[in-house]
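Listing of target_37.txt; format and content: compact mmCIF, C-alpha atoms.
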# COMPACT_ATOMS: atom_id res chain seq x y z
CA LEU W 1 119.81 95.36 64.56
CA LYS W 2 120.45 92.00 62.92
CA VAL W 3 124.04 91.08 62.14
CA GLN W 4 123.70 91.84 58.42
CA ALA W 5 122.15 95.24 59.06
CA ARG W 6 124.78 96.07 61.66
CA GLU W 7 127.59 95.14 59.28
CA ALA W 8 126.04 97.34 56.59
CA LEU W 9 125.83 100.30 58.95
CA VAL W 10 129.39 99.81 60.15
CA GLY W 11 130.45 99.81 56.51
CA TYR W 12 129.37 103.45 56.20
CA GLY W 13 131.98 104.33 58.80
CA GLU W 14 132.00 107.72 60.49
CA ASP W 15 129.42 109.16 58.09
CA ILE W 16 126.62 107.14 59.70
CA VAL W 17 127.48 108.16 63.28
CA PRO W 18 125.34 111.37 63.37
CA LEU W 19 122.25 109.42 62.27
CA LEU W 20 122.89 106.65 64.82
CA SER W 21 123.51 109.25 67.51
CA TYR W 22 120.22 110.96 66.73
CA SER W 23 118.28 107.69 66.81
CA LEU W 24 119.96 106.63 70.05
CA ALA W 25 118.93 109.87 71.76
CA ASP W 26 115.42 109.96 70.29
CA THR W 27 113.04 108.65 72.98
CA ARG W 28 110.28 108.48 70.35
CA GLU W 29 112.19 105.73 68.56
CA GLN W 30 111.29 102.13 69.39
CA LEU W 31 113.23 101.13 72.48
CA TRP W 32 114.39 97.78 71.13
CA ILE W 33 115.99 99.59 68.17
CA ARG W 34 117.75 102.10 70.44
CA ARG W 35 119.11 99.28 72.61
CA HIS W 36 120.86 97.76 69.58
CA ILE W 37 122.57 100.96 68.47
CA PRO W 38 125.39 101.13 71.08
CA VAL W 39 127.22 98.03 69.85
CA THR W 40 127.13 99.40 66.29
CA LEU W 41 128.66 102.67 67.45
CA ALA W 42 131.36 100.72 69.30
CA LEU W 43 132.24 98.80 66.15
CA ILE W 44 132.64 102.06 64.21
CA GLY W 45 134.96 103.17 66.99
CA THR W 46 135.34 106.90 66.46
CA SER W 47 135.32 109.85 68.86
CA GLY W 48 131.83 110.64 67.56
CA SER W 49 130.76 107.15 68.60
CA MET W 50 132.16 107.79 72.07
CA ASP W 51 130.29 111.08 72.36
CA ALA W 52 126.99 109.40 71.50
CA LEU W 53 127.57 106.55 73.94
CA ILE W 54 128.56 108.90 76.74
CA ALA W 55 125.35 110.89 76.20
CA ALA W 56 123.34 107.67 76.52
CA LEU W 57 124.63 107.16 80.07
CA ASP W 58 121.88 109.55 81.22
CA ASP W 59 119.05 107.73 79.45
CA PRO W 60 116.09 106.80 81.66
CA ASP W 61 116.12 103.20 80.39
CA GLY W 62 118.44 101.14 82.60
CA PHE W 63 119.08 98.43 80.00
CA LEU W 64 120.06 101.01 77.40
CA ARG W 65 122.51 102.54 79.91
CA TYR W 66 123.94 99.06 80.44
CA LYS W 67 124.32 98.54 76.68
CA ALA W 68 126.02 101.94 76.37
CA ILE W 69 128.51 101.07 79.14
CA MET W 70 129.27 97.71 77.52
CA ALA W 71 129.79 99.46 74.17
CA ILE W 72 132.17 102.01 75.75
CA GLU W 73 134.15 99.13 77.26
CA LYS W 74 134.41 97.52 73.83
CA LEU W 75 135.30 100.78 72.08
CA ARG W 76 138.09 101.55 74.55
CA ARG W 77 139.44 98.01 74.36
CA GLU W 78 139.60 98.00 70.56
CA ASN W 79 140.36 101.71 70.01
CA PRO W 80 142.47 102.87 72.98
CA SER W 81 143.30 106.14 71.24
CA VAL W 82 139.67 107.30 71.63
CA SER W 83 139.44 109.09 74.96
CA CYS W 84 136.63 108.66 77.46
CA PRO W 85 135.72 111.93 79.25
CA ARG W 86 136.43 111.24 82.92
CA GLN W 87 134.30 114.02 84.40
CA THR W 88 131.25 112.90 82.44
CA VAL W 89 131.67 109.31 83.60
CA GLU W 90 132.03 110.50 87.20
CA LYS W 91 128.71 112.34 86.85
CA ALA W 92 127.19 109.13 85.50
CA VAL W 93 128.41 107.31 88.61
CA ILE W 94 126.75 109.93 90.81
CA ARG W 95 123.46 109.59 88.94
CA GLU W 96 123.59 105.80 89.09
CA THR W 97 124.27 105.80 92.83
CA SER W 98 121.31 108.15 93.29
CA ARG W 99 119.12 105.64 91.45
CA TYR W 100 120.50 102.87 93.65
CA TYR W 101 119.86 104.82 96.84
CA ASN W 102 116.33 105.66 95.72
CA GLY W 103 115.61 102.01 95.02
CA LEU W 104 117.10 101.00 98.37
CA THR W 105 114.92 103.43 100.34
CA LEU W 106 111.77 102.38 98.47
CA GLN W 107 112.59 98.72 99.03
CA ASN W 108 113.13 99.36 102.74
CA ASN W 109 109.83 101.24 103.02
CA LEU W 110 108.08 98.26 101.45
CA MET W 111 109.79 95.64 103.62
CA ARG W 112 109.14 97.66 106.77
CA ASP W 113 105.42 97.49 106.10
CA SER W 114 105.13 93.87 104.96
CA LEU W 115 107.29 91.03 106.24
CA ASP W 116 106.43 88.89 103.21
CA ALA W 117 107.00 91.70 100.68
CA SER W 118 110.43 90.34 99.71
CA ASP W 119 108.71 87.28 98.20
CA SER W 120 106.18 89.34 96.27
CA LEU W 121 106.51 90.17 92.60
CA LEU W 122 107.30 93.76 93.53
CA GLY W 123 109.89 92.76 96.13
CA ARG W 124 111.71 90.57 93.62
CA ALA W 125 111.54 93.27 90.95
CA LEU W 126 113.07 95.85 93.31
CA GLU W 127 115.84 93.45 94.33
CA ASP W 128 116.62 92.74 90.67
CA LYS W 129 116.68 96.46 89.89
CA LEU W 130 119.17 97.06 92.70
CA ARG W 131 121.42 94.28 91.38
CA ARG W 132 121.36 95.75 87.89
CA SER W 133 122.09 99.24 89.21
CA LEU W 134 125.03 97.92 91.24
CA ASP W 135 126.35 96.16 88.15
CA ARG W 136 126.29 99.45 86.22
CA ILE W 137 128.07 101.21 89.10
CA TYR W 138 130.89 98.67 89.04
CA ARG W 139 131.19 98.91 85.26
CA LEU W 140 131.30 102.70 85.37
CA LEU W 141 134.08 102.47 87.96
CA GLY W 142 135.89 100.23 85.50
CA LEU W 143 135.75 103.05 82.95
CA LEU W 144 137.32 105.43 85.47
CA TYR W 145 140.01 103.02 86.66
CA HIS W 146 141.38 99.71 85.35
CA ILE W 147 138.52 97.42 84.33
CA GLU W 148 140.40 94.29 85.38
CA ASP W 149 141.24 95.65 88.85
CA VAL W 150 137.68 96.75 89.56
CA ALA W 151 136.32 93.44 88.27
CA ALA W 152 138.72 91.49 90.50
CA ALA W 153 137.71 93.54 93.55
CA ARG W 154 134.05 93.04 92.71
CA PHE W 155 134.45 89.28 92.42
CA THR W 156 136.14 89.13 95.81
CA ILE W 157 133.49 91.31 97.46
CA GLU W 158 130.70 89.16 96.06
CA GLN W 159 132.32 85.71 96.31
CA GLY W 160 135.27 85.84 98.72
CA GLU W 161 135.42 84.92 102.37
CA ARG W 162 135.05 87.66 104.97
CA ARG W 163 138.71 88.65 105.37
CA ARG W 164 139.29 88.86 101.62
CA ARG W 165 136.05 90.81 101.15
CA ALA W 166 137.23 93.36 103.70
CA ALA W 167 140.56 93.68 101.88
CA ALA W 168 138.81 94.22 98.54
CA VAL W 169 136.56 96.91 100.02
CA GLU W 170 139.61 98.61 101.52
CA TYR W 171 141.35 98.45 98.12
CA LEU W 172 138.45 100.27 96.44
CA ASP W 173 138.27 102.72 99.33
CA ASN W 174 141.89 103.67 98.62
CA LEU W 175 141.42 103.62 94.84
CA LEU W 176 138.37 105.85 94.56
CA GLY W 177 138.47 109.55 95.25
CA GLY W 178 136.32 112.58 95.89
CA VAL W 179 132.57 112.47 95.52
CA VAL W 180 132.73 109.11 93.71
CA ARG W 181 134.25 107.53 96.80
CA ARG W 182 131.69 109.18 99.10
CA ARG W 183 128.82 107.94 96.97
CA VAL W 184 130.04 104.41 96.20
CA MET W 185 131.72 103.15 99.35
CA PRO W 186 128.60 103.25 101.59
CA ILE W 187 126.99 100.89 99.06
CA LEU W 188 129.89 98.43 99.19
CA ASP W 189 130.77 98.66 102.89
CA ASP W 190 129.69 95.76 105.06
CA THR W 191 127.46 97.94 107.24
CA PRO W 192 123.96 97.16 108.56
CA LEU W 193 121.10 97.80 106.17
CA SER W 194 119.61 100.38 108.53
CA GLU W 195 122.79 102.49 108.25
CA LYS W 196 122.79 102.21 104.46
CA VAL W 197 119.17 103.34 104.30
CA HIS W 198 119.83 106.23 106.69
CA TYR W 199 122.76 107.35 104.52
CA ALA W 200 120.67 106.97 101.35
CA ASN W 201 117.92 109.18 102.76
CA GLY W 202 120.57 111.74 103.66
CA VAL W 203 121.99 111.72 100.13
CA LEU W 204 118.53 112.05 98.59
CA ARG W 205 117.37 114.55 101.22
CA SER W 206 114.35 112.35 101.78
CA ARG W 207 112.83 110.46 104.69
CA PRO W 208 111.18 107.09 105.30
CA ARG W 209 107.75 107.00 103.66
CA ASP W 210 104.65 105.05 104.56
CA ILE W 211 103.53 102.22 102.32
CA GLU W 212 100.90 104.29 100.49
CA ASP W 213 103.39 107.01 99.51
CA THR W 214 105.91 104.35 98.51
CA LEU W 215 103.47 102.51 96.25
CA ALA W 216 102.26 105.75 94.70
CA GLN W 217 105.85 106.51 93.72
CA LEU W 218 106.55 102.99 92.46
CA ILE W 219 103.40 102.95 90.35
CA HIS W 220 104.87 105.86 88.39
CA ASP W 221 108.40 104.44 88.21
CA GLU W 222 110.24 104.89 84.89
CA ASP W 223 110.86 101.12 84.83
CA PRO W 224 107.69 99.50 83.41
CA VAL W 225 108.40 96.24 85.26
CA ILE W 226 108.54 98.07 88.60
CA ALA W 227 105.41 100.08 87.78
CA ALA W 228 103.44 96.99 86.75
CA SER W 229 104.62 95.06 89.83
CA ALA W 230 103.61 97.98 92.06
CA ILE W 231 100.14 98.07 90.50
CA HIS W 232 99.83 94.32 91.13
CA PHE W 233 100.92 94.76 94.75
CA ALA W 234 98.60 97.73 95.28
CA ALA W 235 95.61 95.72 94.06
CA GLN W 236 95.28 94.36 97.61
CA PRO W 237 92.03 95.54 99.25
CA ARG W 238 93.87 97.47 101.96
CA PHE W 239 95.24 99.85 99.29
CA ALA W 240 91.84 100.81 97.88
CA SER W 241 92.71 104.49 98.39
CA LEU W 242 95.40 104.17 95.71
CA LYS W 243 92.99 102.93 93.05
CA SER W 244 92.87 106.32 91.33
CA ASP W 245 96.65 106.20 90.77
CA PHE W 246 96.49 103.25 88.41
CA ASP W 247 92.97 103.21 86.98
In structure tokens, what does this structure look like?
Amino acid sequence: LKVQAREALVGYGEDIVPLLSYSLADTREQLWIRRHIPVTLALIGTSGSMDALIAALDDPDGFLRYKAIMAIEKLRRENPSVSCPRQTVEKAVIRETSRYYNGLTLQNNLMRDSLDASDSLLGRALEDKLRRSLDRIYRLLGLLYHIEDVAAARFTIEQGERRRRAAAVEYLDNLLGGVVRRRVMPILDDTPLSEKVHYANGVLRSRPRDIEDTLAQLIHDEDPVIAASAIHFAAQPRFASLKSDFD
């Protein structure tokens, strides 16, 4: 929504929230319109806005989930009296870690087959998707705990020297609890990739797949960039058997 349109909608106040909530949840609506709704709901700043934004945390579109998280951060910052349902956010963390683990296992299947896959369009797309998923995980943790504390720990883990990184990981290990801790810490721990992938397969109750099965799954990924990149990768002559999956 352009600034003028957004200001007009905000001017309606709480009365416009049901309509915005409906449009945000309607997958038949144009995606670029849905992606602009969260910030408008945050500016209205009511409990109804929060309910709509929380519901969007389960949307299949990763960028819309990101916009919803950013809007919740803004709403809480400017309207601290509006509560954020902790259990629902914890479930969102679990779902987001599952998406991360799935992407990690698929990436590992791809790299195991092709040493140069990391430089391919698909390899770069998968790496970018993992980075975006990790960003959402950190931001969701910020909704459960203090945003500033989680952001500081994240900065140290990503930018600090080894001893400080270990201290930041230990801090989050002590901060998080329950299933959230069990799901998140293996992602952040400085453990070998093989151990992370083994844990991810255990969480997903899956197993390493061959390259054909992996590409078949990626071709039907909910992310259109991943799907298109997988089709491009699968166009190699050695994957002729997959042709029926993307014709």
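Distances from W:Ser23, W:Gln159, W:Ser98, W:Gln236 to Val203 in chain W were compared using all atoms listed in the file, and the smallest one belongs to W:Ser98.
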Across W:Ala230, W:Leu122, W:Leu140, W:Leu106, the smallest distance to Lys67 in chain W, with only C-alpha atoms counted, is shown by W:Leu140
One decimal place gives the CA of Ser49 in chain W-CA of Arg139 in chain W separation as 18.6 Å
Quick one: residues within 12 Å of (104.4, 102.9, 86.5) (file frame), counting all atoms listed in the file, please, as a ChimeraX atom specification. /W:122,215-232,234,245-247
In Å, with one decimal, what is the gap from CA of Arg99 in chain W to CA of Arg76 in chain W?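 So the two atoms, CA of Arg99 in chain W and CA of Arg76 in chain W, lie 25.7 Å apart.
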Go ahead and find all residues with at least one atom no further than 12 Å from (118.0, 105.2, 100.9) in the file's coordinates, using only C-alpha atoms; report them as an MDAnalysis selection string. chainID W and resid 97:109 130 183 186:187 193:209
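What separates CA of Arg132 in chain W from CA of Arg28 in chain W is a distance of 24.3 Å.
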Skip range 148-158 of chain W itself and residues of its chain fewer than 6 positions away, then list as number ranges by chain all residues within 10 Å of it, counting all atoms listed in the file. W: 135, 138-142, 164-172, 175, 188-190
Using all atoms listed in the file, determine which residues lie at most 12 Å from Arg6 in chain W, disregarding the query and same-chain residues fewer than 4 positions distant; provide the list as a VMD selection string. chain W and resid 1 to 2 10 to 13 16 20 33 36 to 44
With C-alpha atoms kept, could you save the residues just selected as a PDB file, in the coordinates of the input?
ATOM      1  CA  LEU W   1     119.810  95.360  64.560  1.00  0.00           C
ATOM      2  CA  LYS W   2     120.450  92.000  62.920  1.00  0.00           C
ATOM      3  CA  VAL W  10     129.390  99.810  60.150  1.00  0.00           C
ATOM      4  CA  GLY W  11     130.450  99.810  56.510  1.00  0.00           C
ATOM      5  CA  TYR W  12     129.370 103.450  56.200  1.00  0.00           C
ATOM      6  CA  GLY W  13     131.980 104.330  58.800  1.00  0.00           C
ATOM      7  CA  ILE W  16     126.620 107.140  59.700  1.00  0.00           C
ATOM      8  CA  LEU W  20     122.890 106.650  64.820  1.00  0.00           C
ATOM      9  CA  ILE W  33     115.990  99.590  68.170  1.00  0.00           C
ATOM     10  CA  HIS W  36     120.860  97.760  69.580  1.00  0.00           C
ATOM     11  CA  ILE W  37     122.570 100.960  68.470  1.00  0.00           C
ATOM     12  CA  PRO W  38     125.390 101.130  71.080  1.00  0.00           C
ATOM     13  CA  VAL W  39     127.220  98.030  69.850  1.00  0.00           C
ATOM     14  CA  THR W  40     127.130  99.400  66.290  1.00  0.00           C
ATOM     15  CA  LEU W  41     128.660 102.670  67.450  1.00  0.00           C
ATOM     16  CA  ALA W  42     131.360 100.720  69.300  1.00  0.00           C
ATOM     17  CA  LEU W  43     132.240  98.800  66.150  1.00  0.00           C
ATOM     18  CA  ILE W  44     132.640 102.060  64.210  1.00  0.00           C
TER      19      ILE W  44
END
Residue with smallest distance to Met111 in chain W - pool W:Gly123, W:Pro18, W:Pro192, W:Gly48, counting all atoms listed in the file: W:Gly123
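Considering the residues W:Leu121, W:Leu19, W:Val82, W:Ile94 and counting only C-alpha atoms, Gly178 in chain W has its shortest atom-to-atom contact with W:Ile94.
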